[in-house]
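Asker: File name start-v5.txt; file contents compact mmCIF, C-alpha atoms; full text below.
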# COMPACT_ATOMS: atom_id res chain seq x y z
CA MET A 87 53.09 -34.35 26.70
CA ASN A 88 54.87 -34.47 30.04
CA LEU A 89 57.63 -36.97 30.75
CA LEU A 90 55.28 -39.56 32.27
CA ASP A 91 52.87 -39.44 29.31
CA LEU A 92 55.70 -39.63 26.80
CA SER A 93 57.28 -42.59 28.62
CA ALA A 94 53.92 -44.36 28.79
CA VAL A 95 53.30 -43.90 25.06
CA LEU A 96 56.77 -45.08 24.03
CA VAL A 97 56.85 -48.10 26.37
CA ALA A 98 53.29 -49.13 25.47
CA MET A 99 54.05 -48.80 21.76
CA THR A 100 57.25 -50.81 22.13
CA ALA A 101 55.46 -53.55 24.07
CA THR A 102 52.69 -53.66 21.45
CA LEU A 103 55.19 -53.95 18.59
CA ALA A 104 57.09 -56.70 20.42
CA PHE A 105 53.84 -58.57 21.07
CA LEU A 106 52.67 -58.35 17.46
CA ASN A 107 56.06 -59.52 16.23
CA ALA A 108 56.18 -62.46 18.66
CA ARG A 109 52.56 -63.42 17.91
CA PHE A 110 52.36 -62.97 14.13
CA LEU A 111 55.58 -61.95 12.32
CA ARG A 112 57.95 -64.11 14.40
CA LEU A 113 60.99 -62.25 13.10
CA PRO A 114 64.10 -61.61 15.20
CA ALA A 115 62.97 -59.12 17.83
CA SER A 116 65.07 -56.16 16.68
CA ILE A 117 64.03 -56.60 13.03
CA GLY A 118 60.34 -57.18 13.77
CA VAL A 119 60.13 -54.18 16.08
CA THR A 120 61.96 -51.98 13.56
CA VAL A 121 59.60 -52.98 10.73
CA GLY A 122 56.56 -52.42 12.94
CA GLY A 123 57.91 -49.10 14.17
CA LEU A 124 58.47 -47.88 10.61
CA LEU A 125 54.85 -48.73 9.72
CA VAL A 126 53.61 -46.93 12.84
CA SER A 127 55.76 -43.90 11.95
CA LEU A 128 54.32 -43.74 8.43
CA LEU A 129 50.80 -44.04 9.82
CA LEU A 130 51.48 -41.26 12.33
CA LEU A 131 52.80 -38.98 9.60
CA LEU A 132 49.74 -39.61 7.44
CA LEU A 133 47.36 -38.96 10.34
CA ALA A 134 49.33 -35.86 11.35
CA ARG A 135 49.03 -34.46 7.81
CA ALA A 136 45.31 -35.11 8.03
CA GLY A 137 45.25 -33.00 11.20
CA VAL A 138 44.34 -35.73 13.71
CA PRO A 139 45.07 -34.17 17.14
CA ALA A 140 46.33 -37.36 18.81
CA ALA A 141 48.71 -38.04 15.91
CA LEU A 142 49.99 -34.45 15.96
CA ALA A 143 50.66 -34.68 19.71
CA THR A 144 52.46 -38.02 19.34
CA VAL A 145 54.64 -36.79 16.48
CA ASP A 146 55.59 -33.68 18.45
CA ALA A 147 56.38 -35.84 21.48
CA VAL A 148 58.63 -38.18 19.50
CA ARG A 149 60.41 -35.22 17.91
CA SER A 150 61.09 -33.83 21.37
CA VAL A 151 63.11 -36.92 22.29
CA GLN A 152 66.85 -36.29 22.07
CA PHE A 153 67.71 -39.59 20.38
CA ASP A 154 71.47 -39.06 20.54
CA GLU A 155 71.30 -38.45 24.30
CA PHE A 156 69.04 -41.47 24.75
CA VAL A 157 71.64 -43.61 22.97
CA PHE A 158 74.96 -42.24 24.22
CA GLN A 159 73.96 -41.18 27.74
CA GLY A 160 71.33 -43.88 28.24
CA VAL A 161 71.20 -47.36 26.81
CA LEU A 162 74.40 -47.79 24.78
CA SER A 163 76.79 -48.31 27.69
CA PHE A 164 74.48 -50.92 29.24
CA LEU A 165 74.19 -52.78 25.92
CA LEU A 166 77.94 -52.72 25.31
CA PHE A 167 78.68 -53.84 28.86
CA ALA A 168 76.19 -56.70 28.53
CA GLY A 169 77.61 -57.67 25.14
CA ALA A 170 81.18 -57.64 26.45
CA LEU A 171 80.16 -59.76 29.45
CA GLY A 172 78.97 -62.46 27.06
CA VAL A 173 82.14 -62.59 24.96
CA ASN A 174 84.59 -65.42 25.63
CA SER A 175 87.57 -63.42 26.88
CA HIS A 176 90.07 -66.24 26.28
CA ALA A 177 88.97 -66.66 22.66
CA LEU A 178 88.99 -62.88 22.18
CA TRP A 179 92.53 -62.61 23.56
CA ALA A 180 93.67 -65.33 21.18
CA LEU A 181 92.30 -63.24 18.30
CA ARG A 182 93.42 -59.87 19.68
CA GLY A 183 95.59 -59.10 16.63
CA PRO A 184 92.90 -59.65 13.97
CA VAL A 185 90.22 -57.97 16.13
CA LEU A 186 92.28 -54.80 16.61
CA ALA A 187 93.38 -54.80 12.96
CA PHE A 188 89.80 -54.98 11.72
CA ALA A 189 88.53 -52.51 14.36
CA LEU A 190 91.20 -49.90 13.59
CA LEU A 191 92.30 -50.41 9.99
CA SER A 192 88.93 -51.43 8.56
CA THR A 193 87.15 -48.52 10.21
CA ALA A 194 89.76 -46.01 8.98
CA LEU A 195 89.63 -47.42 5.42
CA SER A 196 85.84 -47.38 5.40
CA ILE A 197 85.68 -43.78 6.64
CA ALA A 198 88.02 -42.66 3.86
CA LEU A 199 86.30 -44.70 1.14
CA VAL A 200 82.76 -43.70 2.13
CA GLY A 201 83.76 -40.06 2.63
CA LEU A 202 85.44 -39.74 -0.77
CA GLY A 203 82.68 -41.72 -2.46
CA THR A 204 79.99 -39.56 -0.85
CA PHE A 205 81.80 -36.39 -1.95
CA ALA A 206 81.82 -37.65 -5.56
CA LEU A 207 78.24 -38.95 -5.36
CA LEU A 208 76.76 -35.73 -3.98
CA GLY A 209 78.74 -33.71 -6.50
CA ALA A 210 77.24 -35.79 -9.31
CA LEU A 211 73.77 -35.06 -7.90
CA GLY A 212 74.50 -31.33 -7.89
CA LEU A 213 74.84 -31.09 -4.10
CA SER A 214 77.78 -29.07 -2.80
CA VAL A 215 78.92 -30.54 0.51
CA PRO A 216 82.48 -29.97 1.84
CA LEU A 217 84.77 -32.97 1.90
CA VAL A 218 85.24 -32.83 5.67
CA LEU A 219 81.47 -33.20 6.13
CA CYS A 220 81.41 -36.12 3.70
CA LEU A 221 84.15 -37.74 5.79
CA LEU A 222 81.93 -37.05 8.81
CA PHE A 223 79.21 -39.10 7.11
CA GLY A 224 81.80 -41.82 6.50
CA ALA A 225 82.65 -41.82 10.22
CA LEU A 226 79.04 -42.12 11.36
CA ILE A 227 78.05 -44.86 8.90
CA SER A 228 81.22 -47.01 8.92
CA PRO A 229 81.14 -48.62 12.40
CA THR A 230 79.07 -51.78 12.57
CA ASP A 231 76.50 -51.49 15.32
CA PRO A 232 77.39 -53.94 18.13
CA VAL A 233 73.78 -53.94 19.34
CA ALA A 234 72.56 -55.23 15.97
CA VAL A 235 75.57 -57.49 15.34
CA LEU A 236 75.52 -59.17 18.76
CA GLY A 237 71.78 -59.73 18.42
CA MET A 238 72.38 -61.42 15.09
CA LEU A 239 75.12 -63.64 16.51
CA LYS A 240 72.82 -64.82 19.29
CA GLN A 241 70.37 -66.12 16.68
CA ALA A 242 72.94 -67.73 14.36
CA GLN A 243 74.93 -70.87 15.12
CA VAL A 244 78.18 -69.66 13.54
CA PRO A 245 81.58 -71.20 14.30
CA LYS A 246 82.92 -69.83 17.57
CA ARG A 247 86.04 -68.40 15.95
CA ILE A 248 84.00 -66.32 13.50
CA GLU A 249 81.58 -65.32 16.26
CA THR A 250 84.43 -64.05 18.44
CA LEU A 251 86.04 -62.18 15.56
CA VAL A 252 82.82 -60.46 14.43
CA ALA A 253 81.69 -59.69 17.99
CA GLY A 254 85.09 -58.35 19.02
CA GLU A 255 85.40 -56.16 15.94
CA SER A 256 81.90 -54.72 16.36
CA LEU A 257 82.49 -53.93 20.03
CA PHE A 258 85.72 -52.06 19.39
CA ASN A 259 85.08 -50.42 16.01
CA ASP A 260 82.02 -48.78 17.53
CA GLY A 261 84.20 -46.88 19.97
CA VAL A 262 86.80 -46.14 17.29
CA GLY A 263 84.11 -44.81 14.94
CA VAL A 264 82.60 -42.56 17.61
CA VAL A 265 86.04 -41.13 18.43
CA ALA A 266 86.81 -40.60 14.71
CA PHE A 267 83.46 -38.84 14.35
CA ALA A 268 84.31 -36.54 17.27
CA VAL A 269 87.68 -35.70 15.69
CA LEU A 270 86.15 -34.90 12.29
CA ALA A 271 83.33 -32.92 13.90
CA ALA A 272 85.94 -30.80 15.69
CA LEU A 273 87.73 -30.21 12.39
CA ALA A 274 84.48 -29.29 10.66
CA ALA A 275 83.64 -26.83 13.44
CA THR A 276 87.00 -25.07 13.08
CA GLY A 277 86.80 -24.00 9.48
CA GLN A 278 86.10 -27.09 7.42
CA GLY A 279 89.44 -28.71 8.17
CA GLU A 280 91.68 -25.62 8.29
CA HIS A 281 92.70 -26.56 11.82
CA ALA A 282 93.83 -29.98 10.57
CA ALA A 283 96.61 -28.45 8.49
CA ALA A 284 97.71 -26.36 11.47
CA GLY A 285 98.34 -29.29 13.76
CA TRP A 286 97.60 -32.95 13.25
CA SER A 287 99.49 -33.62 16.46
CA GLY A 288 96.58 -32.09 18.38
CA VAL A 289 94.13 -34.30 16.49
CA THR A 290 96.23 -37.38 17.25
CA LEU A 291 96.40 -36.50 20.94
CA PHE A 292 92.65 -35.95 21.00
CA PHE A 293 92.09 -39.38 19.43
CA LEU A 294 94.44 -41.06 21.89
CA GLN A 295 92.83 -39.27 24.82
CA GLU A 296 89.38 -40.45 23.80
CA ALA A 297 90.34 -44.02 22.90
CA ALA A 298 93.12 -44.87 25.37
CA GLY A 299 91.43 -42.85 28.11
CA GLY A 300 88.18 -44.75 27.64
CA LEU A 301 89.92 -48.13 27.78
CA LEU A 302 91.91 -47.10 30.86
CA LEU A 303 88.84 -45.77 32.66
CA GLY A 304 86.85 -48.91 31.86
CA GLY A 305 89.68 -51.17 32.97
CA LEU A 306 90.08 -49.32 36.27
CA LEU A 307 86.36 -49.31 37.07
CA GLY A 308 86.02 -52.91 35.93
CA LEU A 309 88.78 -53.96 38.35
CA LEU A 310 87.14 -52.03 41.21
CA GLY A 311 83.80 -53.60 40.33
CA TYR A 312 85.32 -57.09 40.37
CA LEU A 313 86.93 -56.49 43.78
CA ALA A 314 83.56 -55.32 45.10
CA LEU A 315 81.87 -58.44 43.68
CA ARG A 316 84.43 -60.66 45.42
CA ALA A 317 83.76 -58.97 48.77
CA VAL A 318 80.02 -59.75 48.83
CA ASN A 319 77.92 -62.86 48.49
CA ASP A 320 74.52 -61.41 47.70
CA PHE A 321 72.94 -61.63 44.24
CA VAL A 322 70.97 -58.35 44.43
CA THR A 323 74.03 -56.43 45.61
CA GLU A 324 76.10 -57.91 42.78
CA VAL A 325 73.62 -56.71 40.18
CA LEU A 326 73.50 -53.25 41.78
CA ILE A 327 77.30 -53.06 41.74
CA THR A 328 77.46 -53.71 38.00
CA LEU A 329 74.58 -51.32 37.25
CA GLY A 330 76.36 -48.62 39.22
CA LEU A 331 79.61 -49.48 37.46
CA VAL A 332 78.08 -48.83 34.03
CA LEU A 333 76.45 -45.56 35.10
CA VAL A 334 79.63 -44.27 36.77
CA ALA A 335 81.70 -45.20 33.72
CA THR A 336 79.32 -43.31 31.41
CA ALA A 337 79.20 -40.21 33.62
CA ALA A 338 82.93 -40.19 34.31
CA ALA A 339 83.72 -40.58 30.61
CA ALA A 340 81.61 -37.51 29.83
CA HIS A 341 83.42 -35.41 32.45
CA LEU A 342 86.89 -36.68 31.53
CA HIS A 343 86.23 -36.35 27.77
CA VAL A 344 87.06 -39.97 27.00
CA SER A 345 85.11 -42.61 25.08
CA ALA A 346 82.18 -43.97 27.10
CA PRO A 347 81.55 -46.86 24.63
CA LEU A 348 85.16 -48.07 24.94
CA ALA A 349 84.98 -47.68 28.72
CA ALA A 350 81.86 -49.86 28.85
CA VAL A 351 83.45 -52.50 26.62
CA ALA A 352 86.67 -52.60 28.67
CA ALA A 353 84.75 -52.83 31.96
CA GLY A 354 82.49 -55.59 30.65
CA LEU A 355 85.38 -57.62 29.26
CA LEU A 356 87.36 -57.33 32.50
CA VAL A 357 84.46 -58.20 34.80
CA GLY A 358 83.44 -61.09 32.56
CA SER A 359 86.99 -62.43 32.32
CA LEU A 360 87.81 -62.19 36.03
CA THR A 361 84.50 -63.66 37.21
CA GLU A 362 84.94 -66.47 34.69
CA ARG A 363 88.35 -67.28 36.14
CA ARG A 364 87.03 -67.05 39.70
CA PRO A 365 83.43 -68.34 39.65
CA ALA A 366 83.22 -67.93 43.42
CA ALA A 367 83.25 -64.14 42.92
CA LEU A 368 79.53 -64.39 42.06
CA SER A 369 76.94 -65.99 44.31
CA SER A 370 75.09 -67.31 41.25
CA ARG A 371 76.64 -66.78 37.83
CA GLU A 372 73.57 -68.19 36.11
CA LYS A 373 71.20 -65.72 37.78
CA PHE A 374 73.65 -62.86 37.25
CA GLU A 375 73.93 -63.56 33.52
CA SER A 376 70.15 -64.00 33.26
CA VAL A 377 69.53 -60.52 34.67
CA TRP A 378 72.00 -58.91 32.26
CA HIS A 379 70.59 -60.94 29.37
CA LEU A 380 67.07 -59.73 30.23
CA LEU A 381 68.23 -56.12 30.52
CA ASP A 382 70.07 -56.47 27.22
CA GLU A 383 66.99 -57.80 25.43
CA VAL A 384 64.58 -55.19 26.84
CA LEU A 385 66.86 -52.22 26.11
CA ASN A 386 67.66 -53.63 22.66
CA ILE A 387 63.98 -53.84 21.70
CA ALA A 388 63.26 -50.39 23.12
CA LEU A 389 66.20 -48.90 21.22
CA PHE A 390 65.12 -50.32 17.87
CA ALA A 391 61.51 -49.28 18.44
CA LEU A 392 62.55 -45.69 19.15
CA LEU A 393 64.97 -45.81 16.20
CA ALA A 394 62.04 -46.58 13.90
CA LEU A 395 59.73 -44.01 15.50
CA GLU A 396 62.35 -41.25 15.23
CA ILE A 397 61.88 -41.27 11.46
CA VAL A 398 59.10 -38.72 12.03
CA ALA A 399 61.84 -36.25 12.99
CA VAL A 400 63.54 -36.54 9.59
CA THR A 401 62.81 -34.19 6.69
CA PHE A 402 62.66 -36.25 3.50
CA SER A 403 63.13 -35.07 -0.07
CA GLY A 404 63.38 -36.86 -3.38
CA GLN A 405 67.00 -35.88 -3.88
CA ALA A 406 67.98 -36.98 -0.36
CA LEU A 407 66.20 -40.32 -0.82
CA LEU A 408 68.04 -40.89 -4.09
CA ALA A 409 71.34 -40.08 -2.38
CA GLY A 410 70.45 -42.57 0.36
CA LEU A 411 69.64 -45.33 -2.10
CA LEU A 412 72.90 -44.74 -3.94
CA ALA A 413 74.75 -44.74 -0.62
CA ILE A 414 73.71 -48.36 0.04
CA PRO A 415 76.02 -49.94 -2.58
CA LEU A 416 78.70 -47.37 -1.73
CA VAL A 417 78.71 -48.36 1.96
CA LEU A 418 78.65 -52.08 1.10
CA LEU A 419 81.55 -51.68 -1.35
CA ALA A 420 83.53 -49.76 1.26
CA ARG A 421 82.85 -52.56 3.75
CA VAL A 422 84.07 -55.17 1.25
CA LEU A 423 87.31 -53.29 0.56
CA SER A 424 87.93 -52.36 4.20
CA VAL A 425 87.54 -55.99 5.30
CA GLN A 426 89.62 -57.30 2.39
CA GLY A 427 92.64 -55.14 3.29
CA PRO A 428 93.28 -56.48 6.82
CA TYR A 429 92.23 -59.97 5.71
CA LEU A 430 95.00 -60.09 3.09
CA LEU A 431 97.53 -58.79 5.61
CA LEU A 432 96.57 -61.30 8.28
CA ARG A 433 95.73 -64.50 6.42
CA ARG A 434 99.37 -65.71 6.28
CA ARG A 435 99.60 -65.71 10.06
CA THR A 436 95.97 -66.34 11.01
CA ALA A 437 93.78 -69.23 9.88
CA PHE A 438 90.34 -67.85 9.09
CA PRO A 439 87.38 -70.25 8.83
CA PRO A 440 85.47 -70.41 5.52
CA VAL A 441 83.09 -67.54 4.62
CA THR A 442 84.74 -65.28 7.22
CA ARG A 443 84.91 -62.34 4.83
CA ARG A 444 81.37 -62.82 3.53
CA LEU A 445 79.95 -63.04 7.04
CA MET A 446 81.93 -60.01 8.22
CA VAL A 447 80.74 -57.96 5.22
CA TRP A 448 77.09 -58.98 5.20
CA GLY A 449 76.90 -59.28 8.98
CA GLY A 450 78.31 -55.78 9.47
CA LEU A 451 74.93 -54.28 10.31
CA ARG A 452 74.40 -50.57 10.84
CA GLY A 453 71.96 -49.41 13.49
CA ALA A 454 71.07 -46.93 16.17
CA ILE A 455 74.61 -45.61 16.71
CA SER A 456 74.80 -44.30 13.13
CA VAL A 457 71.43 -42.56 13.46
CA ALA A 458 72.36 -41.09 16.84
CA LEU A 459 75.59 -39.68 15.40
CA ALA A 460 73.68 -38.24 12.43
CA PHE A 461 71.44 -36.34 14.85
CA THR A 462 74.55 -34.67 16.32
CA VAL A 463 75.71 -33.21 12.99
CA PRO A 464 75.42 -29.39 13.20
CA ALA A 465 72.03 -28.10 12.05
CA GLY A 466 71.86 -27.23 8.38
CA PRO A 467 71.24 -28.73 4.94
CA ALA A 468 74.03 -31.29 5.39
CA ARG A 469 72.45 -32.59 8.62
CA ASP A 470 69.04 -33.06 6.97
CA LEU A 471 70.68 -34.80 4.02
CA PHE A 472 72.82 -37.09 6.15
CA LEU A 473 69.87 -38.03 8.36
CA VAL A 474 67.91 -39.25 5.35
CA MET A 475 70.92 -41.07 3.88
CA THR A 476 71.70 -42.68 7.24
CA TYR A 477 68.12 -43.85 7.75
CA VAL A 478 67.99 -45.40 4.28
CA VAL A 479 71.26 -47.29 4.82
CA VAL A 480 70.31 -48.38 8.36
CA VAL A 481 66.84 -49.61 7.38
CA PHE A 482 68.34 -51.60 4.49
CA SER A 483 70.99 -53.00 6.83
CA ILE A 484 68.60 -54.07 9.57
CA VAL A 485 65.80 -55.41 7.38
CA VAL A 486 67.54 -56.82 4.29
CA GLN A 487 70.91 -57.84 5.73
CA GLY A 488 69.42 -58.78 9.09
CA LEU A 489 66.87 -61.13 7.50
CA THR A 490 69.36 -62.83 5.19
CA VAL A 491 72.51 -63.05 7.32
CA GLY A 492 71.08 -66.06 9.15
CA GLN A 493 71.19 -68.08 5.94
CA LEU A 494 74.81 -67.06 5.42
CA ALA A 495 75.59 -68.01 9.02
CA ARG A 496 74.04 -71.45 8.53
CA GLN A 497 76.17 -71.86 5.40
CA ALA A 498 79.22 -70.94 7.47
CA ALA A 499 78.30 -73.58 10.04
CA ARG A 500 77.86 -76.25 7.33
CA GLU A 501 81.19 -75.42 5.67
CA HIS A 502 82.89 -75.44 9.05
CA GLN A 503 81.52 -78.89 9.81
CA GLU A 504 82.52 -80.22 6.39
CA ALA A 505 86.06 -78.83 6.77
CA ALA A 506 86.48 -80.28 10.28
CA PRO A 507 88.45 -83.52 10.52
CA PRO A 508 86.36 -86.66 11.16
CA PRO A 509 86.27 -87.87 14.77
CA SER A 510 88.80 -90.54 15.63
CA GLN A 511 87.44 -94.04 16.03
Before anything else, please render the file you have as structure tokens.
Answerer:
Amino acid sequence: MNLLDLSAVLVAMTATLAFLNARFLRLPASIGVTVGGLLVSLLLLLLARAGVPAALATVDAVRSVQFDEFVFQGVLSFLLFAGALGVNSHALWALRGPVLAFALLSTALSIALVGLGTFALLGALGLSVPLVLCLLFGALISPTDPVAVLGMLKQAQVPKRIETLVAGESLFNDGVGVVAFAVLAALAATGQGEHAAAGWSGVTLFFLQEAAGGLLLGGLLGLLGYLALRAVNDFVTEVLITLGLVLVATAAAAHLHVSAPLAAVAAGLLVGSLTERRPAALSSREKFESVWHLLDEVLNIALFALLALEIVAVTFSGQALLAGLLAIPLVLLARVLSVQGPYLLLRRRTAFPPVTRRLMVWGGLRGAISVALAFTVPAGPARDLFLVMTYVVVVFSIVVQGLTVGQLARQAAREHQEAAPPPSQ
């Protein structure tokens, strides 16, 4: 297939899945499209094994898609920018301490817990995988996917304080997880961690360059974008400025070797905050937000559809599937412990609404970012194993957690209302 044919097949399939979900399943869009995409992928694999030419061509076309490039150099920055635009910057600033604590400390704890647990788990299954690669799996599976989490928050009427905390953590721990993955991947590529003993200062500088550099780049471009928005009074031009801002941030981050996800988050937060303080900077804030909301929804659905279809590129085995199933409780337990640590440290100074921990644990969905990172693991048995394990955890997260977190969110809303003081007469 050429690029036009491949694009036509993927877009038509995504539109069909979205239509069937809206017409019959009526599930949240990302979940319905993922479920439908998984069924289509299984059907394609069955038809391909039967030798059906059209199925063989479609499977080959999907396998030719570089999913990690599609995510990191394509849609992710737009989704993070759109998500950051919609976050209440004043509420986020008020919770900056807890958000950063959960984004940094929880992610680091989860990486360590999942990595050590995976090393023990694979050893018990008779699979010899170096510890540094198991930590690499911990880094790719630990960050909660902001695309999935923000989509969930839009559907659930949770208390605003919890919504800000969960949204803020998911936006920032994504960038932290990607940077941690890059650090561990560099260690794995230089002798399974031998370089780490030679100089952790270099690793620390690399982490700071990626993280701080991404935030600085995003802040600078966000400020320039805001000044450009103030200088015009044309809706179309305003949208083009922000689209160009996201693309420039992504490209510049790649050339400067800094975190593009963190750059997109910083730019989105700054533009959203400054335009909120000065509404006159936009000719029509309502139309501006509507365009970014539409772009967010379309790219979100397309991403989850391709995520499901990419399963045809994964080599499954019974042992890998078993490892994936056992990884589900391991990842959940690591999430519980990694949330509990910062929570205990912060609860004396910060008042958390009821069910905060439960909603953060169960609402910490994994998604396309984890799969995209798994595709970047160096080719070999560990990559095939991690791809299967990642897909099993992600599918469980999106389908099972995604379908049940709404009930937990409604419980959070009820408890919040019951705990609120009665209105004065």
Asker: Pick the closest to A:Leu226 from A:Val344, A:Leu418, A:Val463, A:Ile484: which is it, counting all atoms listed in the file?
Answerer: A:Val463
Asker: To one decimal place in Å, what is the distance between atom CA of A:Val119 and atom CA of A:Thr100?
Answerer: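 So the answer is 7.5 Å.
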Asker: What is the distance between atom CA of A:Ala266 and atom CA of A:Val478, in Å to one decimal?
Answerer: 22.0 Å
Asker: Show me, as CSV, the residues of stretch 127-237 of chain A having an atom within 9 Å of stretch 431-443 of chain A, each with the closest atom pair and its distance in Å, using only C-alpha atoms.
Answerer:
residue,atom,partner,partner_atom,distance
A:Leu181,CA,A:Thr436,CA,8.7
A:Gly183,CA,A:Leu432,CA,8.7
A:Pro184,CA,A:Leu432,CA,7.0
A:Ala187,CA,A:Leu432,CA,8.6
Asker: Restricting the calculation to only C-alpha atoms: of A:Val173, A:Gly311, A:Val126, A:Asp382, which residue gets closest to A:Glu249?
Answerer: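 Result for the nearest residue to A:Glu249: A:Val173.
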Asker: My structure is short of atoms at stretch 206-221 of chain A; please model N, CA, C and O atoms there, returning them as a compact mmCIF listing (two decimals), keeping the file's coordinate frame.
Answerer:
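So rebuild17.txt came out as:
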# COMPACT_ATOMS: atom_id res chain seq x y z
N ALA A 206 82.01 -37.51 -4.12
CA ALA A 206 81.82 -37.65 -5.56
C ALA A 206 80.34 -37.85 -5.90
O ALA A 206 79.82 -37.27 -6.87
N LEU A 207 79.65 -38.66 -5.11
CA LEU A 207 78.24 -38.95 -5.36
C LEU A 207 77.38 -37.70 -5.24
O LEU A 207 76.56 -37.41 -6.13
N LEU A 208 77.56 -36.93 -4.17
CA LEU A 208 76.76 -35.73 -3.98
C LEU A 208 77.10 -34.68 -5.04
O LEU A 208 76.22 -33.94 -5.49
N GLY A 209 78.37 -34.62 -5.43
CA GLY A 209 78.74 -33.71 -6.50
C GLY A 209 78.04 -34.06 -7.80
O GLY A 209 77.60 -33.16 -8.53
N ALA A 210 77.93 -35.36 -8.09
CA ALA A 210 77.24 -35.79 -9.31
C ALA A 210 75.76 -35.47 -9.27
O ALA A 210 75.12 -35.26 -10.31
N LEU A 211 75.19 -35.40 -8.06
CA LEU A 211 73.77 -35.06 -7.90
C LEU A 211 73.55 -33.55 -7.81
O LEU A 211 72.42 -33.11 -7.60
N GLY A 212 74.62 -32.78 -7.94
CA GLY A 212 74.50 -31.33 -7.89
C GLY A 212 74.43 -30.76 -6.49
O GLY A 212 73.97 -29.63 -6.29
N LEU A 213 74.87 -31.53 -5.49
CA LEU A 213 74.84 -31.09 -4.10
C LEU A 213 76.27 -30.74 -3.67
O LEU A 213 77.16 -31.58 -3.74
N SER A 214 76.45 -29.52 -3.21
CA SER A 214 77.78 -29.07 -2.80
C SER A 214 77.93 -29.23 -1.29
O SER A 214 77.38 -28.46 -0.50
N VAL A 215 78.66 -30.27 -0.90
CA VAL A 215 78.92 -30.54 0.51
C VAL A 215 80.43 -30.65 0.70
O VAL A 215 81.08 -31.40 -0.03
N PRO A 216 81.02 -29.92 1.65
CA PRO A 216 82.48 -29.97 1.84
C PRO A 216 82.97 -31.38 2.13
O PRO A 216 82.26 -32.20 2.72
N LEU A 217 84.20 -31.64 1.74
CA LEU A 217 84.77 -32.97 1.90
C LEU A 217 84.82 -33.39 3.36
O LEU A 217 84.56 -34.56 3.68
N VAL A 218 85.14 -32.46 4.26
CA VAL A 218 85.24 -32.83 5.67
C VAL A 218 83.89 -33.30 6.21
O VAL A 218 83.83 -34.21 7.06
N LEU A 219 82.79 -32.74 5.71
CA LEU A 219 81.47 -33.20 6.13
C LEU A 219 81.15 -34.55 5.52
O LEU A 219 80.48 -35.38 6.15
N CYS A 220 81.61 -34.80 4.30
CA CYS A 220 81.41 -36.12 3.70
C CYS A 220 82.19 -37.18 4.47
O CYS A 220 81.72 -38.31 4.66
N LEU A 221 83.40 -36.83 4.93
CA LEU A 221 84.15 -37.74 5.79
C LEU A 221 83.44 -37.95 7.12
O LEU A 221 83.50 -39.04 7.71
